[in-house]
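Heads up, coords-v3.cif below (mmCIF, C-alpha atoms):
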data_target
#
loop_
_atom_site.label_atom_id
_atom_site.label_comp_id
_atom_site.auth_asym_id
_atom_site.auth_seq_id
_atom_site.Cartn_x
_atom_site.Cartn_y
_atom_site.Cartn_z
CA MET A 12 54.37 -20.69 3.44
CA LYS A 13 53.12 -23.90 1.85
CA GLU A 14 55.85 -25.99 3.49
CA THR A 15 55.01 -24.78 6.99
CA ARG A 16 51.38 -25.52 6.39
CA ALA A 17 52.24 -29.08 5.38
CA LYS A 18 54.30 -29.51 8.53
CA TYR A 19 51.44 -28.83 10.93
CA TRP A 20 48.43 -30.14 9.06
CA ARG A 21 47.92 -33.74 8.11
CA LYS A 22 47.19 -34.42 4.49
CA SER A 23 43.56 -35.19 3.91
CA LEU A 24 42.87 -38.66 2.51
CA ASN A 25 40.18 -37.45 0.13
CA LEU A 26 42.17 -34.45 -1.02
CA SER A 27 41.59 -35.24 -4.67
CA GLU A 28 37.83 -34.73 -4.17
CA PHE A 29 38.24 -31.06 -3.31
CA LYS A 30 38.41 -28.47 -6.01
CA ILE A 31 39.23 -24.79 -5.78
CA PRO A 32 37.71 -22.39 -8.26
CA LYS A 33 39.90 -20.13 -10.34
CA GLY A 34 38.50 -16.77 -11.30
CA LYS A 35 39.06 -14.53 -14.27
CA ILE A 36 39.02 -10.81 -13.45
CA HIS A 37 37.50 -8.26 -15.80
CA ILE A 38 38.33 -4.59 -15.26
CA LEU A 39 36.73 -1.70 -17.14
CA LYS A 40 39.64 0.69 -16.75
CA ASP A 41 37.89 3.81 -17.98
CA ARG A 42 34.98 3.39 -15.58
CA CYS A 43 37.26 3.11 -12.52
CA LYS A 44 37.67 6.09 -10.18
CA GLY A 45 40.71 4.76 -8.36
CA CYS A 46 39.22 4.46 -4.86
CA GLY A 47 41.32 1.38 -4.08
CA PHE A 48 38.57 -0.61 -2.32
CA CYS A 49 39.21 -3.73 -4.46
CA VAL A 50 42.96 -3.56 -3.84
CA GLU A 51 42.47 -3.17 -0.09
CA TYR A 52 39.81 -5.86 0.38
CA CYS A 53 40.95 -8.58 -2.03
CA PRO A 54 41.63 -11.46 0.39
CA ASN A 55 44.36 -12.95 -1.82
CA ASN A 56 46.09 -9.70 -2.84
CA VAL A 57 45.50 -10.28 -6.52
CA LEU A 58 45.23 -6.60 -7.41
CA GLU A 59 47.46 -3.56 -7.18
CA LEU A 60 46.96 0.08 -8.21
CA SER A 61 48.74 0.65 -11.51
CA GLU A 62 51.07 3.53 -12.32
CA LYS A 63 49.21 4.30 -15.52
CA PHE A 64 46.33 6.74 -15.81
CA ASN A 65 42.97 5.99 -17.35
CA ALA A 66 40.96 8.36 -19.53
CA LYS A 67 39.63 10.26 -16.49
CA GLY A 68 43.03 10.59 -14.83
CA TYR A 69 42.64 7.98 -12.09
CA HIS A 70 44.88 5.00 -11.42
CA PRO A 71 42.87 1.83 -12.13
CA PRO A 72 43.86 -1.50 -10.52
CA LYS A 73 45.96 -4.04 -12.38
CA ILE A 74 46.17 -7.79 -11.89
CA VAL A 75 49.44 -8.96 -10.35
CA ASN A 76 48.83 -12.60 -9.37
CA GLU A 77 45.86 -13.84 -11.33
CA ASN A 78 46.51 -17.45 -10.30
CA ASP A 79 45.57 -16.61 -6.70
CA CYS A 80 42.05 -15.44 -7.60
CA VAL A 81 39.45 -17.89 -6.25
CA ASN A 82 36.37 -16.14 -7.69
CA CYS A 83 35.10 -14.96 -4.29
CA GLY A 84 33.46 -11.93 -5.88
CA LEU A 85 34.35 -9.48 -3.12
CA CYS A 86 35.95 -7.01 -5.55
CA GLU A 87 32.70 -6.98 -7.51
CA MET A 88 30.62 -6.46 -4.36
CA VAL A 89 32.77 -3.70 -2.88
CA CYS A 90 33.41 -1.74 -6.11
CA PRO A 91 31.26 1.44 -6.01
CA ASP A 92 31.68 2.07 -9.75
CA PHE A 93 30.65 -1.33 -11.21
CA ALA A 94 34.04 -1.43 -12.92
CA ILE A 95 35.40 -4.83 -11.83
CA TRP A 96 33.94 -8.31 -11.71
CA CYS A 97 35.16 -11.86 -11.87
CA THR A 98 33.83 -14.95 -13.57
CA LEU A 99 34.55 -18.61 -12.94
CA ASP A 100 37.36 -19.73 -15.23
CA LYS A 101 37.95 -23.37 -14.21
CA GLU A 102 38.08 -25.58 -11.14
CA VAL A 103 41.43 -26.98 -10.17
CA CYS A 104 42.05 -30.08 -8.08
CA LEU A 105 43.93 -29.37 -4.86
CA GLU A 106 46.44 -32.17 -5.47
CA SER A 107 47.63 -30.95 -8.82
CA MET B 25 41.76 -2.85 -35.69
CA ALA B 26 39.20 -5.35 -34.49
CA LYS B 27 37.24 -4.08 -31.51
CA LYS B 28 37.94 -6.07 -28.37
CA LYS B 29 34.82 -7.83 -27.17
CA ILE B 30 33.91 -6.70 -23.68
CA GLU B 31 32.07 -9.19 -21.50
CA PRO B 32 28.87 -7.79 -20.03
CA HIS B 33 28.73 -6.86 -16.38
CA PRO B 34 26.83 -9.51 -14.37
CA MET B 35 24.34 -6.92 -13.12
CA GLU B 36 23.49 -5.61 -16.55
CA ASN B 37 19.87 -6.77 -16.30
CA ILE B 38 19.27 -4.74 -13.12
CA LEU B 39 21.37 -1.61 -13.68
CA ARG B 40 21.11 0.85 -16.56
CA MET B 41 24.65 0.48 -17.84
CA ASP B 42 24.14 3.20 -20.47
CA ARG B 43 23.87 5.77 -17.64
CA ILE B 44 26.99 4.58 -15.85
CA PRO B 45 29.68 5.96 -15.03
CA HIS B 46 27.54 7.52 -12.34
CA ILE B 47 27.95 10.94 -10.78
CA TRP B 48 29.04 9.78 -7.31
CA CYS B 49 32.48 10.82 -6.11
CA PRO B 50 35.43 8.43 -5.99
CA ALA B 51 35.27 6.20 -2.88
CA CYS B 52 31.60 6.97 -2.16
CA GLY B 53 29.74 4.13 -0.43
CA ILE B 54 26.45 4.51 -2.30
CA GLY B 55 27.69 2.43 -5.25
CA THR B 56 28.47 -0.43 -2.88
CA ALA B 57 24.97 -0.18 -1.39
CA VAL B 58 23.49 -0.30 -4.92
CA THR B 59 25.57 -3.41 -5.71
CA SER B 60 24.22 -5.06 -2.55
CA PHE B 61 20.68 -4.13 -3.51
CA ALA B 62 21.14 -5.48 -7.05
CA SER B 63 22.57 -8.76 -5.79
CA ALA B 64 19.72 -8.99 -3.27
CA LEU B 65 17.26 -8.73 -6.17
CA GLU B 66 19.25 -11.43 -7.99
CA LYS B 67 19.14 -13.64 -4.91
CA LEU B 68 15.39 -13.17 -4.47
CA LYS B 69 14.77 -14.13 -8.15
CA VAL B 70 11.81 -11.74 -8.25
CA ASN B 71 10.07 -10.72 -11.43
CA LEU B 72 11.69 -7.36 -12.17
CA ASP B 73 8.41 -6.05 -13.57
CA GLU B 74 7.01 -6.20 -10.06
CA VAL B 75 9.74 -4.14 -8.42
CA CYS B 76 9.59 -0.38 -8.06
CA VAL B 77 12.43 1.79 -6.77
CA VAL B 78 11.47 5.21 -5.42
CA SER B 79 14.07 7.83 -4.59
CA GLY B 80 13.99 11.39 -3.42
CA ILE B 81 16.56 14.10 -4.02
CA GLY B 82 20.22 13.95 -3.10
CA CYS B 83 23.23 11.81 -3.85
CA THR B 84 21.37 8.61 -3.02
CA GLY B 85 18.32 9.94 -4.83
CA ARG B 86 20.14 9.23 -8.09
CA VAL B 87 19.72 5.46 -7.51
CA ALA B 88 16.27 5.46 -9.15
CA GLY B 89 17.88 6.59 -12.39
CA TYR B 90 20.48 3.83 -12.39
CA THR B 91 18.21 0.82 -11.77
CA LYS B 92 16.56 -0.89 -14.74
CA VAL B 93 13.23 -1.46 -12.97
CA ASP B 94 10.21 0.81 -12.65
CA SER B 95 11.55 3.82 -10.82
CA PHE B 96 10.43 7.17 -9.50
CA HIS B 97 12.69 10.16 -8.93
CA THR B 98 10.46 12.23 -6.71
CA THR B 99 10.44 15.56 -4.94
CA HIS B 100 12.64 16.22 -1.94
CA GLY B 101 11.64 14.19 1.10
CA ARG B 102 8.47 12.77 -0.43
CA ALA B 103 9.88 9.42 -1.58
CA ILE B 104 7.93 7.49 1.06
CA ALA B 105 4.73 9.36 0.23
CA TYR B 106 5.05 8.41 -3.45
CA ALA B 107 5.95 4.83 -2.47
CA THR B 108 2.77 4.63 -0.36
CA GLY B 109 0.78 5.62 -3.42
CA VAL B 110 2.52 3.03 -5.60
CA LYS B 111 1.92 0.30 -3.04
CA LEU B 112 -1.76 1.12 -2.53
CA GLY B 113 -2.33 1.50 -6.27
CA ASN B 114 -0.77 -1.87 -7.07
CA PRO B 115 -0.37 -4.04 -3.95
CA LYS B 116 1.47 -6.73 -5.96
CA MET B 117 4.47 -4.41 -6.40
CA LYS B 118 7.54 -4.76 -4.20
CA VAL B 119 8.25 -1.11 -3.44
CA ILE B 120 11.72 -0.11 -2.31
CA VAL B 121 12.53 3.41 -1.16
CA PHE B 122 16.24 4.02 -1.73
CA SER B 123 17.22 7.40 -0.42
CA GLY B 124 19.56 9.28 1.83
CA ASP B 125 19.38 10.43 5.43
CA GLY B 126 18.71 14.03 4.47
CA ASP B 127 15.80 12.94 2.33
CA ILE B 128 14.14 10.32 4.53
CA ILE B 129 14.93 11.50 8.06
CA ALA B 130 15.21 15.28 7.69
CA ILE B 131 12.88 16.64 5.06
CA GLY B 132 10.68 13.56 4.82
CA GLY B 133 10.78 12.82 8.54
CA ASN B 134 7.02 13.03 8.96
CA HIS B 135 6.37 10.75 6.00
CA PHE B 136 8.78 8.23 7.52
CA MET B 137 7.00 8.35 10.88
CA HIS B 138 3.50 8.03 9.47
CA ALA B 139 4.34 5.29 6.96
CA ALA B 140 5.88 3.35 9.87
CA ARG B 141 2.80 4.02 12.01
CA ARG B 142 0.45 2.75 9.29
CA ASN B 143 2.83 -0.20 8.64
CA ILE B 144 2.69 0.13 4.87
CA ASP B 145 4.42 -2.80 3.17
CA ILE B 146 7.49 -1.01 1.77
CA THR B 147 11.23 -1.42 2.29
CA VAL B 148 13.27 1.66 3.13
CA ILE B 149 17.01 1.57 2.43
CA CYS B 150 18.39 4.69 4.05
CA VAL B 151 21.99 5.52 3.14
CA ASN B 152 23.37 7.53 6.04
CA ASN B 153 26.45 9.58 5.21
CA PHE B 154 26.01 12.02 8.14
CA ILE B 155 25.73 15.12 5.97
CA TYR B 156 23.83 16.80 3.12
CA ALA B 157 26.43 15.89 0.53
CA MET B 158 24.93 17.02 -2.77
CA THR B 159 24.22 20.59 -1.69
CA GLY B 160 27.68 21.18 -0.25
CA GLY B 161 28.06 19.53 3.14
CA GLN B 162 25.52 21.21 5.42
CA VAL B 163 24.59 19.87 8.87
CA ALA B 164 22.02 17.08 8.65
CA PRO B 165 19.88 15.70 11.51
CA THR B 166 22.23 12.70 11.53
CA THR B 167 25.51 14.64 11.86
CA PRO B 168 27.23 13.46 15.08
CA LEU B 169 27.89 15.91 17.91
CA THR B 170 31.11 18.00 17.56
CA ALA B 171 31.53 17.05 13.88
CA TYR B 172 32.35 19.88 11.51
CA ALA B 173 30.25 20.72 8.48
CA THR B 174 29.96 23.67 6.12
CA THR B 175 27.26 25.23 8.29
CA SER B 176 28.85 24.24 11.62
CA PRO B 177 32.40 25.58 11.35
CA PHE B 178 32.86 25.37 15.15
CA GLY B 179 31.43 21.87 15.56
CA ASN B 180 27.86 20.59 15.58
CA ILE B 181 25.91 21.16 18.81
CA GLU B 182 22.66 19.44 17.77
CA PRO B 183 22.25 15.85 18.98
CA PRO B 184 21.71 13.51 16.01
CA TYR B 185 18.82 11.17 15.27
CA ASN B 186 19.11 7.51 16.13
CA ILE B 187 17.39 6.07 13.05
CA PRO B 188 16.74 2.50 14.37
CA ARG B 189 15.20 3.89 17.55
CA LEU B 190 12.99 6.30 15.62
CA ALA B 191 11.86 3.45 13.36
CA GLU B 192 11.14 1.16 16.30
CA ALA B 193 9.19 3.81 18.20
CA CYS B 194 7.07 4.58 15.14
CA GLY B 195 6.22 0.92 14.58
CA ALA B 196 8.54 -0.53 11.91
CA VAL B 197 8.58 -4.33 11.79
CA TYR B 198 12.17 -4.85 10.61
CA VAL B 199 15.11 -2.62 11.50
CA ALA B 200 18.74 -3.32 10.66
CA ARG B 201 21.91 -1.29 10.33
CA TRP B 202 25.07 -2.14 8.37
CA THR B 203 27.96 -0.21 6.91
CA ALA B 204 28.94 -0.02 3.25
CA LEU B 205 31.85 -2.36 4.01
CA HIS B 206 29.74 -5.31 5.22
CA VAL B 207 28.35 -6.04 1.77
CA ARG B 208 27.35 -9.68 2.20
CA ARG B 209 25.50 -9.11 5.46
CA LEU B 210 23.87 -6.03 3.96
CA THR B 211 22.72 -8.11 0.98
CA ASN B 212 21.18 -10.75 3.26
CA SER B 213 19.52 -8.03 5.30
CA ILE B 214 17.98 -6.42 2.20
CA VAL B 215 16.68 -9.86 1.11
CA GLU B 216 15.04 -10.32 4.52
CA ALA B 217 13.65 -6.79 4.52
CA ILE B 218 12.07 -7.17 1.06
CA GLN B 219 10.51 -10.51 2.05
CA LYS B 220 9.14 -9.13 5.33
CA PRO B 221 5.54 -7.91 5.07
CA GLY B 222 5.38 -4.47 6.64
CA PHE B 223 7.49 -1.37 6.98
CA SER B 224 11.13 -2.47 7.05
CA VAL B 225 14.12 -0.17 7.43
CA VAL B 226 17.75 -0.93 6.55
CA GLU B 227 20.21 1.81 7.46
CA VAL B 228 23.47 1.77 5.51
CA ILE B 229 26.32 3.81 6.95
CA SER B 230 28.36 5.06 4.04
CA PRO B 231 31.59 7.03 3.75
CA CYS B 232 31.32 10.52 2.25
CA ALA B 233 34.83 11.16 1.03
CA GLN B 234 34.36 14.62 -0.48
CA TYR B 235 32.40 16.38 2.28
CA TYR B 236 32.10 14.64 5.65
CA SER B 237 35.58 13.19 5.84
CA ARG B 238 37.25 16.07 4.01
CA ILE B 239 35.80 18.76 6.30
CA ASN B 240 36.54 16.63 9.39
CA ARG B 241 39.99 15.65 8.10
CA LEU B 242 39.30 11.92 8.35
CA GLY B 243 41.15 10.98 5.17
CA ASP B 244 39.57 9.60 2.02
CA GLY B 245 36.91 6.95 1.55
CA LEU B 246 39.37 4.12 2.03
CA ASP B 247 40.34 5.49 5.46
CA MET B 248 36.64 5.63 6.41
CA MET B 249 36.24 2.00 5.30
CA ARG B 250 39.24 1.05 7.47
CA PHE B 251 37.59 2.91 10.36
CA TYR B 252 34.39 0.87 9.88
CA HIS B 253 36.46 -2.29 9.69
CA ASP B 254 38.08 -1.54 13.06
CA ASN B 255 35.20 0.09 14.93
CA ALA B 256 31.99 -1.51 13.76
CA VAL B 257 30.64 -4.26 16.04
CA ILE B 258 27.84 -6.69 15.27
CA LYS B 259 25.30 -6.96 18.10
CA HIS B 260 22.03 -8.50 16.99
CA ASN B 261 18.87 -7.65 18.99
CA GLU B 262 20.64 -4.80 20.79
CA PRO B 263 18.14 -2.46 22.52
CA THR B 264 17.77 0.48 20.16
CA GLU B 265 18.45 3.14 22.83
CA ASN B 266 22.12 2.05 22.77
CA LEU B 267 22.49 2.71 19.06
CA ASP B 268 23.43 6.40 19.11
CA ILE B 269 26.32 7.22 16.82
CA ASP B 270 28.98 9.39 18.45
CA TYR B 271 31.68 11.16 16.48
CA GLN B 272 34.37 8.61 15.50
CA LYS B 273 33.25 6.12 18.16
CA GLN B 274 32.08 2.52 17.99
CA ILE B 275 29.25 1.79 15.56
CA ILE B 276 26.85 -1.00 16.57
CA MET B 277 25.37 -2.89 13.63
CA GLY B 278 23.06 -5.84 13.23
CA LYS B 279 19.41 -6.75 13.04
CA PHE B 280 17.61 -5.07 15.90
CA ILE B 281 13.88 -5.49 15.35
CA ASP B 282 12.05 -8.35 13.63
CA ARG B 283 8.40 -8.53 14.68
CA GLU B 284 5.03 -9.35 13.21
CA LYS B 285 2.26 -6.80 12.75
CA PRO B 286 -0.73 -6.59 10.39
CA THR B 287 0.06 -4.33 7.45
CA TYR B 288 -2.13 -1.47 6.22
CA ILE B 289 -3.38 -3.46 3.23
CA GLU B 290 -4.35 -6.43 5.43
CA ARG B 291 -6.29 -4.14 7.74
CA TYR B 292 -7.95 -2.48 4.77
CA ASN B 293 -9.01 -5.81 3.23
CA GLU B 294 -10.31 -6.93 6.61
CA TRP B 295 -12.38 -3.77 6.86
CA LEU B 296 -13.69 -4.30 3.33
CA SER B 297 -14.79 -7.87 4.06
CA GLU B 298 -16.57 -6.97 7.30
CA SER B 299 -20.30 -6.50 7.13
CA LYS B 300 -21.02 -2.83 7.51
CA PRO B 301 -24.28 -1.19 8.52
CA LYS B 302 -26.04 0.37 5.56
CA LYS B 303 -26.12 4.13 5.23
CA LYS B 304 -29.50 5.72 5.71
#
Just give me the structure as structure tokens.
Amino acid sequence: MKETRAKYWRKSLNLSEFKIPKGKIHILKDRCKGCGFCVEYCPNNVLELSEKFNAKGYHPPKIVNENDCVNCGLCEMVCPDFAIWCTLDKEVCLES
Amino acid sequence: MAKKKIEPHPMENILRMDRIPHIWCPACGIGTAVTSFASALEKLKVNLDEVCVVSGIGCTGRVAGYTKVDSFHTTHGRAIAYATGVKLGNPKMKVIVFSGDGDIIAIGGNHFMHAARRNIDITVICVNNFIYAMTGGQVAPTTPLTAYATTSPFGNIEPPYNIPRLAEACGAVYVARWTALHVRRLTNSIVEAIQKPGFSVVEVISPCAQYYSRINRLGDGLDMMRFYHDNAVIKHNEPTENLDIDYQKQIIMGKFIDREKPTYIERYNEWLSESKPKKK
């Protein structure tokens, strides 16, 4: 995926100036009701419904690729149970 | 074993976290609407002592209990009537009525019409889930034609209300409609509606996974969200007569009305400052 992108797009000269945020996801597993909104609407597919049950018998989400989270906050906005949110962890340079 | 430190939820200063988990069903859209409302309050940076949330009865009526601002949980349908009293008693307050379609449009329909006619400076967030969900899925005045409900086992034959058109005809100054999926646009719309002086209405179309979509066999809440994703179209300034909601057809969203009108309190102050003839 990354190679094809590099083939068609020129490399920006000031690439080192751009930073992408990295998010840290917090999940309150026992508050989750397993609706799956966060899993469906995460733009980077960071989350997945886990096989395990929580205290209420629902399947809470689990983090599968945490490195892809860019702290967009959509999981927090779309969660009807206030059970998931993300905070800014660090900002990473695009070049590195 | 040392207790793991849990980071606080970012909306802890607006929501009463000790009362959550809330009673809403899995995949209900009301929680999303509350998140949008809370982030709208965060965006506005208002003094939370000057915000009052008024709710009626019903699923959405529980919102007043979950917000950490001054809140009223009022009788069925009378949320707007109470909100009028709060606003006139303390005009500095930002009064938000957060209630459902069965509360605002059905049982409190007259209060809605007359508050819009007087142009009282309140914001109405009406969560429309097409059914009376808390009492068991009866037909509401917003249930689309041919949809099934507990009290219409052969399909609904009553044409539903078009909430934006009703609000426009009665004199509301700001009317918008969004679904529970379009959270960012909904947040911006709530910010605009709270800032707007006058009677502003934001309709939020929300999935009801346990009654509306179960009785109509439309899948769970996630399937309803996918339906909104595929069938909801944004058309700003659309004439409100085109905004009828048909059963499982296209939903038109956007900001439809944004106009200026003197509010009730402005008129009242004007009347107070006028020189009046003395009584004999």
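Residues surrounding Pro231 in chain B within 7 Å are Cys52, Gly53, Asn153, Gly245 and Met248 of chain B [all atoms listed in the file; sequence separation below 5 positions excluded].
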* **Counting only C-alpha atoms, chain A residues within 10 Å of chain B, as JSON, numbers by chain** => {"A": [37, 38, 39, 41, 42, 43, 44, 45, 46, 47, 48, 51, 52, 69, 85, 87, 88, 89, 90, 91, 92, 93, 94, 95, 96, 97, 98]}
* Got a sec to resolve the PyMOL selection byres ((chain A and resi 61) around 12) on this structure and send the residues as JSON, numbers by chain? -> {"A": [40, 43, 45, 47, 50, 58, 59, 60, 62, 63, 64, 65, 68, 69, 70, 71, 72, 73, 74, 75]}
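Taking CA of Phe223 in chain B and CA of Ala193 in chain B as endpoints, the distance between them is 12.5 Å.
Nearest residue to Ile229 in chain B among B:Thr166, B:Thr264, B:Thr159, B:Asn152 is B:Asn152, counting all atoms listed in the file.
In this structure, CA of Ala191 in chain B sits 15.0 Å away from CA of Gly124 in chain B.
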